[in-house]
Structures are given as structure tokens and as C-alpha cells.
Amino acid sequence: MTPNEKPVAGRRTAIAAILAAAAMSLAPRALMAQGSKPVMAIDRAILDVVIANRILANQDVVDAYGHVSMRHPNDPQRFLLSRSRSPEQVEPVDIVQFNLDGTPVDPATGPFYIERFIHAAIYAARPDVNAVVHAHAAEVLPFTISKTPMQPVIQNSGVVGSHVSTWDSRTRYGDTNLLVGDIQMGRDLAKTLGEDHVVLMRGHGFAAAGRNLIEVLRMAIYLRLNAKVLIEALKLGPVVALSEGEISKIASVSPDAPELQRAWIYWATKAGCADFLGIVGR
């Protein structure tokens, strides 16, 4: 074995151990996230939001900008979101509680993201939503400024849904810096999202809304990949999109399903934060 092979072997052993643990009955305790039934400890929720930030950065969905949040596990009128930090650098101490109008519970914990109102308005409008992502993935941007619709064409993108609208800030607010800078703009965006899972934002990015963090990460990660594949496929001619029936079957998978927990572990390990998976809150 060469010196360069040793770290790889060690990492593979660590990954194998984590995956083995996930197969055991104790695995859900160390996994994340707010499903529809269990009430989580706030400590666990904070760690999961940190993990989600790191995953999105590692998967190139976000860069210096973009953010992910989670509805408070014990108070549906609040949500958890980092203070103003780049996602790859988010730590547990950075996670702040916000009200559904976008105001921080503790104003002294700032500075805050300007576009926290995206999250606030979606949570207020959609009781079924427990996690939100806002990002500016370059692969998605062409679909925000063209008449070519965002169609799900690859299997995992079925979770995005068959209908993806585009919100244009100029329609109601005229010339702006394109940022969702107050709760009124957030509510207008949430109205365009409606009951869908994803809304594009003209010349800006997208927002995704899911039942838990795993599901919204799946949306964001595969929305980006779907956009990349779709752009390449359109160069070849007409494309075959997923059918309504296929989308329904793909999207019907429980956000707590074992195959999605597997993805969560894999993404977290790639992002270098697998150690957070085993830290259980009070």
C-alpha cells in the first residue's frame, strides 16, 4: 500500500462503519430530521441544519450565497436558519430562530440573511412544509430567463414535481436588486410557489420546499443535475420528460424512507461532517 492509499482506505472504512450503523435499528436516532411524527430535540435539529448547509455546498448547489432552513421541531411558528454566513462555513452556534414574519427571536444574534423572508413566507403559507432551500445554481439559471420549461427528465428529479413556475420580481415590484428583501416580497413568491415543490426566480435562482431536510436536499441537488442534463439533451433535439404517473410514484416516497436516509449519510460523509450524525440532542 502506498502512502497515498492509506487515507483512502481509512475513509472507506469509516464510511462502511457509518452505513452499517444506518442499517441497524438505532440508525434513525442518529439521522436527522423532522418527519411528520417524532418531536426532535432542538440540539439535534440545529446539527441537522448545519449538515444540510455543508451538503449543499459540497454538492455545488450553493456557493458563498444561498441557504437552507428547517421549521422549529417544537414550535411551528418559528424556523431555524443560519445567521449571515456562507453555507460551507456554518457552525451550530450560527443557527438562529426566526418568526414567520422573518424577524429574529433574538435580534442580537445577527447579522442575518437579507432573503430570510423567502423561508418565513413559505412556512407561513404552507403548514406541510418543514424545510426550505434557496439557491442560485448556475445550471438552473437559464430556465429562469427563458421560455423553455423546467421539465423533470431524470429519475430523481421526479421529486421536483411536474409543474415549476417562475416568479418575476419585476411584475409587482418594478426594478429592484432581485433580492427578496421583505416579507411582502416573500409572500408574493410563496403565492407563485402555491402547492408546488419548486419555484424559479427570474435571473436569480430558485426556492424549494419539502417535508423535511432530506426531501428538500433531494429536490435541490437533483433539480441542479436535471437542469444540466436537460440543457445537454435539448441540444440533441426534443426530449422525453417524466410522465405524471412516474412523477407521482417517485415523489410518493416517504421522506423518512431508508433509501433517503442512506443518501443523507452519503452526502454528509462526502461533505466531511459525518461526525455530526452521531451526536444526539437532549
# chains A, B, ... in the order shown; residues from 1 in each chain; ligands from 1
$ select_by_dssp --residues "range 73-160 of chain A" --states "helix (DSSP H, G or I)" --output "PyMOL selection string"
chain A and resi 87-89+92-94+107-109+116-125+141-145+155-160
$ write_last_selection --atoms "N, CA and C atoms" --output "mmCIF file, in the first residue's frame"
data_model
loop_
_atom_site.group_PDB
_atom_site.id
_atom_site.type_symbol
_atom_site.label_atom_id
_atom_site.label_comp_id
_atom_site.auth_asym_id
_atom_site.auth_seq_id
_atom_site.Cartn_x
_atom_site.Cartn_y
_atom_site.Cartn_z
ATOM 1 N N PRO A 87 -22.691 28.938 3.381
ATOM 2 C CA PRO A 87 -23.129 27.622 3.858
ATOM 3 C C PRO A 87 -22.016 26.674 4.285
ATOM 4 N N GLU A 88 -20.908 26.665 3.569
ATOM 5 C CA GLU A 88 -19.823 25.754 3.909
ATOM 6 C C GLU A 88 -19.201 26.071 5.258
ATOM 7 N N GLN A 89 -19.407 27.285 5.749
ATOM 8 C CA GLN A 89 -18.784 27.724 6.997
ATOM 9 C C GLN A 89 -19.744 27.731 8.182
ATOM 10 N N PRO A 92 -22.847 25.110 14.405
ATOM 11 C CA PRO A 92 -24.047 25.083 15.255
ATOM 12 C C PRO A 92 -24.349 26.419 15.937
ATOM 13 N N VAL A 93 -23.333 27.147 16.350
ATOM 14 C CA VAL A 93 -23.544 28.420 17.043
ATOM 15 C C VAL A 93 -24.179 29.470 16.132
ATOM 16 N N ASP A 94 -24.134 29.244 14.818
ATOM 17 C CA ASP A 94 -24.679 30.207 13.867
ATOM 18 C C ASP A 94 -26.192 30.077 13.665
ATOM 19 N N PRO A 107 -32.771 39.510 18.338
ATOM 20 C CA PRO A 107 -32.140 40.403 17.362
ATOM 21 C C PRO A 107 -30.628 40.535 17.525
ATOM 22 N N ALA A 108 -30.113 40.185 18.686
ATOM 23 C CA ALA A 108 -28.684 40.335 18.936
ATOM 24 C C ALA A 108 -27.849 39.261 18.264
ATOM 25 N N THR A 109 -28.496 38.265 17.638
ATOM 26 C CA THR A 109 -27.766 37.142 17.051
ATOM 27 C C THR A 109 -27.345 37.389 15.608
ATOM 28 N N ARG A 116 -34.067 35.978 4.208
ATOM 29 C CA ARG A 116 -34.726 35.078 5.157
ATOM 30 C C ARG A 116 -36.244 35.097 4.981
ATOM 31 N N PHE A 117 -36.752 36.137 4.330
ATOM 32 C CA PHE A 117 -38.201 36.267 4.126
ATOM 33 C C PHE A 117 -38.738 35.228 3.146
ATOM 34 N N ILE A 118 -37.874 34.658 2.307
ATOM 35 C CA ILE A 118 -38.293 33.544 1.456
ATOM 36 C C ILE A 118 -38.769 32.397 2.338
ATOM 37 N N HIS A 119 -37.955 32.053 3.306
ATOM 38 C CA HIS A 119 -38.268 30.947 4.214
ATOM 39 C C HIS A 119 -39.498 31.262 5.059
ATOM 40 N N ALA A 120 -39.511 32.452 5.636
ATOM 41 C CA ALA A 120 -40.614 32.841 6.525
ATOM 42 C C ALA A 120 -41.958 32.747 5.811
ATOM 43 N N ALA A 121 -42.021 33.299 4.606
ATOM 44 C CA ALA A 121 -43.296 33.350 3.883
ATOM 45 C C ALA A 121 -43.756 31.964 3.451
ATOM 46 N N ILE A 122 -42.820 31.113 3.054
ATOM 47 C CA ILE A 122 -43.208 29.762 2.634
ATOM 48 C C ILE A 122 -43.721 28.964 3.827
ATOM 49 N N TYR A 123 -43.049 29.048 4.961
ATOM 50 C CA TYR A 123 -43.537 28.342 6.153
ATOM 51 C C TYR A 123 -44.914 28.843 6.567
ATOM 52 N N ALA A 124 -45.125 30.150 6.483
ATOM 53 C CA ALA A 124 -46.409 30.717 6.883
ATOM 54 C C ALA A 124 -47.532 30.255 5.960
ATOM 55 N N ALA A 125 -47.220 30.140 4.664
ATOM 56 C CA ALA A 125 -48.246 29.778 3.681
ATOM 57 C C ALA A 125 -48.476 28.275 3.578
ATOM 58 N N LEU A 141 -30.214 28.524 -13.706
ATOM 59 C CA LEU A 141 -30.482 29.906 -14.102
ATOM 60 C C LEU A 141 -31.017 30.073 -15.525
ATOM 61 N N PRO A 142 -30.530 29.316 -16.540
ATOM 62 C CA PRO A 142 -31.092 29.507 -17.886
ATOM 63 C C PRO A 142 -32.600 29.319 -17.955
ATOM 64 N N PHE A 143 -33.132 28.459 -17.112
ATOM 65 C CA PHE A 143 -34.577 28.203 -17.133
ATOM 66 C C PHE A 143 -35.362 29.322 -16.444
ATOM 67 N N THR A 144 -34.677 30.176 -15.699
ATOM 68 C CA THR A 144 -35.349 31.298 -15.044
ATOM 69 C C THR A 144 -35.509 32.491 -15.981
ATOM 70 N N ILE A 145 -34.785 32.486 -17.109
ATOM 71 C CA ILE A 145 -34.803 33.651 -18.012
ATOM 72 C C ILE A 145 -35.222 33.284 -19.427
ATOM 73 N N GLN A 155 -34.684 10.375 -13.233
ATOM 74 C CA GLN A 155 -35.492 9.707 -12.209
ATOM 75 C C GLN A 155 -35.597 10.496 -10.908
ATOM 76 N N ASN A 156 -34.484 10.865 -10.320
ATOM 77 C CA ASN A 156 -34.542 11.515 -9.019
ATOM 78 C C ASN A 156 -35.154 12.906 -9.055
ATOM 79 N N SER A 157 -35.235 13.503 -10.233
ATOM 80 C CA SER A 157 -35.841 14.836 -10.320
ATOM 81 C C SER A 157 -37.361 14.784 -10.247
ATOM 82 N N GLY A 158 -37.921 13.581 -10.215
ATOM 83 C CA GLY A 158 -39.375 13.475 -10.095
ATOM 84 C C GLY A 158 -39.895 14.138 -8.838
ATOM 85 N N VAL A 159 -39.055 14.208 -7.795
ATOM 86 C CA VAL A 159 -39.460 14.839 -6.538
ATOM 87 C C VAL A 159 -39.713 16.336 -6.716
ATOM 88 N N VAL A 160 -39.169 16.930 -7.779
ATOM 89 C CA VAL A 160 -39.385 18.352 -8.055
ATOM 90 C C VAL A 160 -40.837 18.616 -8.426
#
$ select_by_dssp --residues "range 113-251 of chain A" --states "strand (DSSP E)" --output "PDB file with C-alpha atoms, in the first residue's frame"
ATOM      1  CA  ALA A 131     -37.652  22.604   5.198  1.00  0.00           C
ATOM      2  CA  VAL A 132     -36.760  25.242   2.598  1.00  0.00           C
ATOM      3  CA  VAL A 133     -33.755  25.819   0.325  1.00  0.00           C
ATOM      4  CA  HIS A 134     -32.893  28.966  -1.592  1.00  0.00           C
ATOM      5  CA  ALA A 135     -30.002  28.727  -4.070  1.00  0.00           C
ATOM      6  CA  SER A 165     -43.443  28.258 -12.114  1.00  0.00           C
ATOM      7  CA  THR A 166     -41.184  31.278 -12.422  1.00  0.00           C
ATOM      8  CA  TRP A 167     -41.553  34.256 -10.112  1.00  0.00           C
ATOM      9  CA  VAL A 198     -40.082  24.366  -6.502  1.00  0.00           C
ATOM     10  CA  VAL A 199     -40.381  27.915  -7.816  1.00  0.00           C
ATOM     11  CA  LEU A 200     -37.814  29.533 -10.112  1.00  0.00           C
ATOM     12  CA  MET A 201     -36.843  33.171  -9.606  1.00  0.00           C
ATOM     13  CA  GLY A 205     -32.253  31.257  -8.593  1.00  0.00           C
ATOM     14  CA  PHE A 206     -34.911  29.050  -7.033  1.00  0.00           C
ATOM     15  CA  ALA A 207     -36.665  28.119  -3.818  1.00  0.00           C
ATOM     16  CA  ALA A 208     -37.579  24.548  -2.891  1.00  0.00           C
ATOM     17  CA  ALA A 209     -39.952  23.372  -0.173  1.00  0.00           C
ATOM     18  CA  GLY A 210     -40.052  19.881   1.324  1.00  0.00           C
TER      19      GLY A 210
END
$ closest_residue --among "A:Met219, A:Val62, A:Ile154, A:Ile46" --to "Ala233 in chain A" --atoms "only C-alpha atoms"
A:Ile154
$ residues_around --residues "range 96-105 of chain A" --least-positions-apart "4" --cutoff "12 Å" --atoms "only C-alpha atoms" --output "ChimeraX atom specification"
/A:42,45-46,49-50,69-85,90-92,109-127,180-187
$ atom_distance --atom1 "CA of His204 in chain A" --atom2 "CA of Tyr222 in chain A"
18.1 Å
$ atom_distance --atom1 "CA of His136 in chain A" --atom2 "CA of Lys270 in chain A"
21.2 Å
$ atom_distance --atom1 "CA of Val129 in chain A" --atom2 "CA of Arg211 in chain A"
5.0 Å
$ residues_around --residues "Ala241 in chain A" --least-positions-apart "5" --cutoff "8 Å" --atoms "only C-alpha atoms" --output "list in words"
Gln151, Pro152, Val153 and Ile154 of chain A
$ write_last_selection --atoms "N, CA and C atoms" --output "PDB file, in the first residue's frame"
ATOM      1  N   GLN A 151     -38.429  20.835 -17.076  1.00  0.00           N
ATOM      2  CA  GLN A 151     -39.137  19.560 -17.068  1.00  0.00           C
ATOM      3  C   GLN A 151     -38.298  18.511 -16.353  1.00  0.00           C
ATOM      4  N   PRO A 152     -38.892  17.714 -15.484  1.00  0.00           N
ATOM      5  CA  PRO A 152     -38.135  16.613 -14.893  1.00  0.00           C
ATOM      6  C   PRO A 152     -37.915  15.519 -15.928  1.00  0.00           C
ATOM      7  N   VAL A 153     -36.660  15.201 -16.186  1.00  0.00           N
ATOM      8  CA  VAL A 153     -36.339  14.201 -17.207  1.00  0.00           C
ATOM      9  C   VAL A 153     -35.531  13.040 -16.651  1.00  0.00           C
ATOM     10  N   ILE A 154     -34.960  13.187 -15.455  1.00  0.00           N
ATOM     11  CA  ILE A 154     -34.194  12.094 -14.852  1.00  0.00           C
ATOM     12  C   ILE A 154     -34.922  11.607 -13.600  1.00  0.00           C
TER      13      ILE A 154
END
$ closest_residue --among "A:Thr171, A:Ile231, A:Ala190, A:Ile95" --to "Pro149 in chain A" --atoms "only C-alpha atoms"
A:Ile231
$ residues_around --residues "Trp264 in chain A" --least-positions-apart "6" --cutoff "10 Å" --atoms "only C-alpha atoms" --output "VMD selection string"
chain A and resid 31 to 33 51 to 52 55 213 to 215 217 to 218 258 270 274 277
$ closest_residue --among "A:Leu193, A:Leu260, A:Val216, A:Leu179" --to "Asn53 in chain A" --atoms "only C-alpha atoms"
A:Val216
$ decode --residues "range 178-201 of chain A" --atoms "N, CA, C and O atoms" --output "CSV table (one decimal), in the first residue's frame"
chain,number,residue,atom,x,y,z
A,178,LEU,N,-33.4,42.4,-7.3
A,178,LEU,CA,-33.9,41.0,-7.5
A,178,LEU,C,-33.9,40.2,-6.2
A,178,LEU,O,-34.3,39.0,-6.2
A,179,LEU,N,-33.5,40.8,-5.1
A,179,LEU,CA,-33.5,40.1,-3.8
A,179,LEU,C,-34.8,40.2,-3.1
A,179,LEU,O,-35.5,41.2,-3.2
A,180,VAL,N,-35.2,39.1,-2.4
A,180,VAL,CA,-36.5,39.1,-1.6
A,180,VAL,C,-36.2,39.8,-0.3
A,180,VAL,O,-35.8,39.1,0.7
A,181,GLY,N,-36.3,41.1,-0.2
A,181,GLY,CA,-35.8,41.9,0.9
A,181,GLY,C,-36.8,42.2,2.0
A,181,GLY,O,-36.5,42.8,3.0
A,182,ASP,N,-38.1,41.7,1.8
A,182,ASP,CA,-39.1,42.0,2.9
A,182,ASP,C,-40.1,40.9,2.8
A,182,ASP,O,-40.2,40.1,1.9
A,183,ILE,N,-41.0,40.9,3.8
A,183,ILE,CA,-42.0,39.8,4.0
A,183,ILE,C,-43.0,39.9,2.9
A,183,ILE,O,-43.6,38.9,2.4
A,184,GLN,N,-43.3,41.1,2.4
A,184,GLN,CA,-44.3,41.3,1.3
A,184,GLN,C,-43.8,40.6,0.0
A,184,GLN,O,-44.6,39.9,-0.6
A,185,MET,N,-42.5,40.8,-0.3
A,185,MET,CA,-42.0,40.1,-1.5
A,185,MET,C,-42.0,38.6,-1.2
A,185,MET,O,-42.2,37.8,-2.1
A,186,GLY,N,-41.6,38.2,0.0
A,186,GLY,CA,-41.7,36.7,0.3
A,186,GLY,C,-43.0,36.1,0.1
A,186,GLY,O,-43.1,35.0,-0.4
A,187,ARG,N,-44.0,36.8,0.5
A,187,ARG,CA,-45.4,36.3,0.4
A,187,ARG,C,-45.8,36.2,-1.1
A,187,ARG,O,-46.5,35.3,-1.5
A,188,ASP,N,-45.3,37.2,-1.9
A,188,ASP,CA,-45.6,37.2,-3.3
A,188,ASP,C,-45.0,36.0,-4.0
A,188,ASP,O,-45.6,35.3,-4.8
A,189,LEU,N,-43.7,35.7,-3.6
A,189,LEU,CA,-43.0,34.5,-4.1
A,189,LEU,C,-43.7,33.2,-3.6
A,189,LEU,O,-43.9,32.3,-4.4
A,190,ALA,N,-44.2,33.2,-2.4
A,190,ALA,CA,-44.9,32.0,-1.8
A,190,ALA,C,-46.2,31.7,-2.6
A,190,ALA,O,-46.6,30.6,-2.8
A,191,LYS,N,-46.8,32.8,-3.0
A,191,LYS,CA,-48.1,32.7,-3.8
A,191,LYS,C,-47.8,32.1,-5.1
A,191,LYS,O,-48.6,31.2,-5.6
A,192,THR,N,-46.7,32.4,-5.7
A,192,THR,CA,-46.3,31.8,-7.0
A,192,THR,C,-46.0,30.3,-6.8
A,192,THR,O,-46.3,29.5,-7.7
A,193,LEU,N,-45.3,30.0,-5.8
A,193,LEU,CA,-45.0,28.6,-5.5
A,193,LEU,C,-46.3,27.8,-5.3
A,193,LEU,O,-46.4,26.7,-5.8
A,194,GLY,N,-47.3,28.4,-4.7
A,194,GLY,CA,-48.5,27.7,-4.5
A,194,GLY,C,-48.3,26.4,-3.8
A,194,GLY,O,-47.7,26.3,-2.7
A,195,GLU,N,-48.9,25.3,-4.3
A,195,GLU,CA,-48.8,24.0,-3.7
A,195,GLU,C,-47.7,23.2,-4.4
A,195,GLU,O,-47.5,22.0,-4.1
A,196,ASP,N,-46.8,23.8,-5.2
A,196,ASP,CA,-45.7,23.1,-5.9
A,196,ASP,C,-44.6,22.9,-4.9
A,196,ASP,O,-44.6,23.4,-3.8
A,197,HIS,N,-43.5,22.3,-5.4
A,197,HIS,CA,-42.4,22.0,-4.6
A,197,HIS,C,-41.2,23.0,-4.9
A,197,HIS,O,-40.4,23.2,-4.0
A,198,VAL,N,-41.2,23.5,-6.1
A,198,VAL,CA,-40.1,24.4,-6.5
A,198,VAL,C,-40.6,25.6,-7.3
A,198,VAL,O,-41.6,25.4,-8.1
A,199,VAL,N,-40.1,26.7,-7.0
A,199,VAL,CA,-40.4,27.9,-7.8
A,199,VAL,C,-39.1,28.5,-8.3
A,199,VAL,O,-38.1,28.7,-7.5
A,200,LEU,N,-39.0,28.8,-9.6
A,200,LEU,CA,-37.8,29.5,-10.1
A,200,LEU,C,-38.0,31.0,-9.9
A,200,LEU,O,-39.1,31.5,-9.8
A,201,MET,N,-36.8,31.7,-9.8
A,201,MET,CA,-36.8,33.2,-9.6
A,201,MET,C,-36.1,33.8,-10.7
A,201,MET,O,-34.9,33.6,-10.9
